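I have placed the structure first, in the form of structure tokens, so that the comments after it can refer back to it.
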Amino acid sequence: MTTSHHGMRALAIVIAGLMAAFFTGCGSTVSDRTILEISPAEAAERLARSPKSVVAVDARGAEAYGNGHLPGAVRLSLGAMNSDDQLAPAEVRGKSLVVVYGADPGSVSAIALTKRLMSLGVREVRLMRA
């Protein structure tokens, strides 16, 4: 191959890589740093104002949920979600805001569930650390 062919091939590889990154969402990794938070006061206000388009998601266990939860909250378990799932659970699809909360401000299950929902493309997910 001549030098110009090597240059064209290298350029084609770079362009293909950029296109792949663009179409697969490279750069949209979900991590603790990408989680957005919401205060309990703002969450309560948003839930009261738009109860049909805002949903609270309780990441606690079934027993804790059964003992009491935020009004209208749904319980989602990270363990019940398949790692192969490509769609967000029906309970959160189409909602303008999803507020995830757990047993305490550092709830590992709430953080993990928030990140999982974000990775499934749920756009407006907020972690409530209360």
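Labels used: A, B, ... for chains in the order of the structure tokens, numbers from 1 for residues in each chain, and numbers from 1 for ligands as shown.
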Q. Contacts of Arg93 (chain A) at 12 Å or less, counting only C-alpha atoms, minus same-chain residues fewer than 5 places along, as a ChimeraX atom specification?
A. /A:52-55,87-88,98,117-118,120-125
Could those residues be written to a file, using C-alpha atoms, as a PDB file, in the first residue's frame?
ATOM      1  CA  LYS A  52     -49.832  11.038  37.263  1.00  0.00           C
ATOM      2  CA  SER A  53     -46.516  11.970  35.654  1.00  0.00           C
ATOM      3  CA  VAL A  54     -44.203  11.711  38.683  1.00  0.00           C
ATOM      4  CA  VAL A  55     -43.571   8.437  40.472  1.00  0.00           C
ATOM      5  CA  LEU A  87     -36.655  -1.655  28.708  1.00  0.00           C
ATOM      6  CA  ALA A  88     -37.396   0.211  31.886  1.00  0.00           C
ATOM      7  CA  VAL A  98     -38.818   9.168  38.753  1.00  0.00           C
ATOM      8  CA  LEU A 117     -32.918   2.944  35.548  1.00  0.00           C
ATOM      9  CA  MET A 118     -30.555   5.534  34.068  1.00  0.00           C
ATOM     10  CA  LEU A 120     -32.134   1.711  30.692  1.00  0.00           C
ATOM     11  CA  GLY A 121     -32.695   5.199  29.309  1.00  0.00           C
ATOM     12  CA  VAL A 122     -35.034   6.650  31.925  1.00  0.00           C
ATOM     13  CA  ARG A 123     -34.146  10.316  31.497  1.00  0.00           C
ATOM     14  CA  GLU A 124     -35.482  12.045  34.586  1.00  0.00           C
ATOM     15  CA  VAL A 125     -34.352   9.857  37.470  1.00  0.00           C
TER      16      VAL A 125
END
Contact check, region 92-129 of chain A to region 25-48 of chain A, at most 8 Å, counting only C-alpha atoms, closest pairs as CSV:
residue,atom,partner,partner_atom,distance
A:Val99,CA,A:Ala43,CA,7.0
A:Ile111,CA,A:Asp32,CA,7.6
A:Thr114,CA,A:Ile35,CA,7.4
A:Lys115,CA,A:Val30,CA,6.1
A:Met118,CA,A:Val30,CA,6.9
A:Ser119,CA,A:Val30,CA,6.3
A:Val125,CA,A:Leu36,CA,7.2
A:Arg126,CA,A:Glu37,CA,4.9
A:Leu127,CA,A:Glu37,CA,4.6
A:Met128,CA,A:Ile38,CA,5.1
A:Arg129,CA,A:Ser39,CA,7.1
Residues as selected, all heavy atoms, written as a compact mmCIF listing (two decimals), in the first residue's frame, can you do that?
# COMPACT_ATOMS: atom_id res chain seq x y z
N VAL A 99 -38.50 9.39 41.15
CA VAL A 99 -37.77 9.68 42.39
C VAL A 99 -37.52 8.35 43.11
O VAL A 99 -38.47 7.68 43.51
CB VAL A 99 -38.58 10.62 43.31
CG1 VAL A 99 -37.84 10.86 44.61
CG2 VAL A 99 -38.88 11.94 42.60
N ILE A 111 -29.23 3.62 45.30
CA ILE A 111 -28.21 4.12 44.37
C ILE A 111 -28.10 3.17 43.18
O ILE A 111 -28.08 3.61 42.02
CB ILE A 111 -26.86 4.28 45.09
CG1 ILE A 111 -26.95 5.41 46.12
CG2 ILE A 111 -25.73 4.53 44.09
CD1 ILE A 111 -25.77 5.48 47.09
N THR A 114 -31.19 3.44 40.97
CA THR A 114 -31.14 4.70 40.22
C THR A 114 -30.24 4.54 39.00
O THR A 114 -30.62 4.91 37.88
CB THR A 114 -30.63 5.85 41.12
OG1 THR A 114 -31.53 6.01 42.22
CG2 THR A 114 -30.53 7.15 40.35
N LYS A 115 -29.06 3.97 39.21
CA LYS A 115 -28.12 3.79 38.10
C LYS A 115 -28.67 2.82 37.06
O LYS A 115 -28.51 3.04 35.86
CB LYS A 115 -26.76 3.32 38.61
CG LYS A 115 -26.04 4.40 39.40
CD LYS A 115 -24.58 4.13 39.65
CE LYS A 115 -24.31 2.94 40.48
NZ LYS A 115 -22.89 2.83 40.89
N MET A 118 -31.25 4.62 34.98
CA MET A 118 -30.56 5.53 34.07
C MET A 118 -29.96 4.77 32.89
O MET A 118 -30.05 5.22 31.75
CB MET A 118 -29.47 6.29 34.82
CG MET A 118 -30.00 7.29 35.84
SD MET A 118 -28.72 7.94 36.95
CE MET A 118 -27.61 8.76 35.81
N SER A 119 -29.39 3.61 33.16
CA SER A 119 -28.77 2.83 32.08
C SER A 119 -29.80 2.28 31.12
O SER A 119 -29.48 1.98 29.97
CB SER A 119 -27.92 1.69 32.66
OG SER A 119 -28.73 0.67 33.17
N VAL A 125 -34.44 10.65 36.24
CA VAL A 125 -34.35 9.86 37.47
C VAL A 125 -33.60 10.69 38.50
O VAL A 125 -32.53 11.23 38.20
CB VAL A 125 -33.60 8.52 37.25
CG1 VAL A 125 -33.58 7.71 38.53
CG2 VAL A 125 -34.21 7.73 36.13
N ARG A 126 -34.13 10.79 39.70
CA ARG A 126 -33.48 11.52 40.77
C ARG A 126 -33.42 10.63 42.01
O ARG A 126 -34.37 9.92 42.31
CB ARG A 126 -34.23 12.81 41.13
CG ARG A 126 -34.37 13.80 39.99
CD ARG A 126 -33.05 14.41 39.61
NE ARG A 126 -33.17 15.42 38.59
CZ ARG A 126 -33.14 15.19 37.29
NH1 ARG A 126 -32.99 13.96 36.84
NH2 ARG A 126 -33.24 16.17 36.42
N LEU A 127 -32.33 10.71 42.72
CA LEU A 127 -32.15 9.98 43.97
C LEU A 127 -32.50 10.92 45.11
O LEU A 127 -31.96 12.02 45.21
CB LEU A 127 -30.71 9.49 44.09
CG LEU A 127 -30.34 8.80 45.39
CD1 LEU A 127 -31.12 7.50 45.55
CD2 LEU A 127 -28.85 8.53 45.44
N MET A 128 -33.41 10.47 45.96
CA MET A 128 -33.77 11.24 47.15
C MET A 128 -33.05 10.64 48.33
O MET A 128 -33.30 9.50 48.72
CB MET A 128 -35.28 11.24 47.38
CG MET A 128 -35.69 12.10 48.56
SD MET A 128 -37.48 12.24 48.74
CE MET A 128 -37.90 10.59 49.31
N ARG A 129 -32.13 11.39 48.87
CA ARG A 129 -31.37 10.93 50.04
C ARG A 129 -32.03 11.48 51.29
O ARG A 129 -31.74 12.59 51.70
CB ARG A 129 -29.93 11.40 49.96
CG ARG A 129 -29.15 10.78 48.81
CD ARG A 129 -27.71 11.18 48.93
NE ARG A 129 -26.91 10.79 47.79
CZ ARG A 129 -26.13 9.71 47.76
NH1 ARG A 129 -26.06 8.91 48.79
NH2 ARG A 129 -25.42 9.45 46.69
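Comparing A:Ala80, A:Val57, A:Ala130, A:Ala62 by their smallest distance to Asp104 (chain A), the closest is A:Ala130 (using only C-alpha atoms).
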Q) Suppose you want the space between CA of Glu63 (chain A) and CA of Pro89 (chain A); what is it in Å? A) 20.9 Å
Q: Pull the alpha helix (DSSP H) assignments for region 42-82 of chain A out of DSSP run on the backbone, and list those residues as a VMD selection string.
A: chain A and resid 42 to 49 62 to 67
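Compared by their closest atoms to Leu97 (chain A), and using only C-alpha atoms, the residues A:Ser77, A:Asn67, A:Ser50, A:Ser109 rank with A:Ser50 nearest.
Considering only region 33-94 of chain A, backbone DSSP assigns strand (DSSP E) to Leu36, Glu37, Ile38, Val54, Val55, Ala56, Val57, Asp58, Val74 and Arg75 of chain A.
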Emit the selected residues as a PDB file, in the first residue's frame, including C-alpha atoms.
ATOM      1  CA  LEU A  36     -28.810  13.657  40.100  1.00  0.00           C
ATOM      2  CA  GLU A  37     -30.395  14.185  43.500  1.00  0.00           C
ATOM      3  CA  ILE A  38     -33.634  15.731  44.663  1.00  0.00           C
ATOM      4  CA  VAL A  54     -44.203  11.711  38.683  1.00  0.00           C
ATOM      5  CA  VAL A  55     -43.571   8.437  40.472  1.00  0.00           C
ATOM      6  CA  ALA A  56     -41.751   7.608  43.679  1.00  0.00           C
ATOM      7  CA  VAL A  57     -39.852   4.320  43.612  1.00  0.00           C
ATOM      8  CA  ASP A  58     -39.156   2.553  46.895  1.00  0.00           C
ATOM      9  CA  VAL A  74     -44.187   1.675  43.765  1.00  0.00           C
ATOM     10  CA  ARG A  75     -41.687  -0.896  44.927  1.00  0.00           C
TER      11      ARG A  75
END
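Counting from CA of Gly106 (chain A), the distance to CA of Gly94 (chain A) is 27.3 Å.
Excluding Ala110 (chain A) itself and any same-chain residue fewer than 5 positions from it, the protein and nucleic acid residues within 8 Å of it, counting only C-alpha atoms, are Asp58, Ala59, Arg60, Val100, Tyr101, Gly102 and Leu127 of chain A.
Rounded to one decimal, CA of His69 (chain A) and CA of Asp85 (chain A) lie 26.1 Å from each other.
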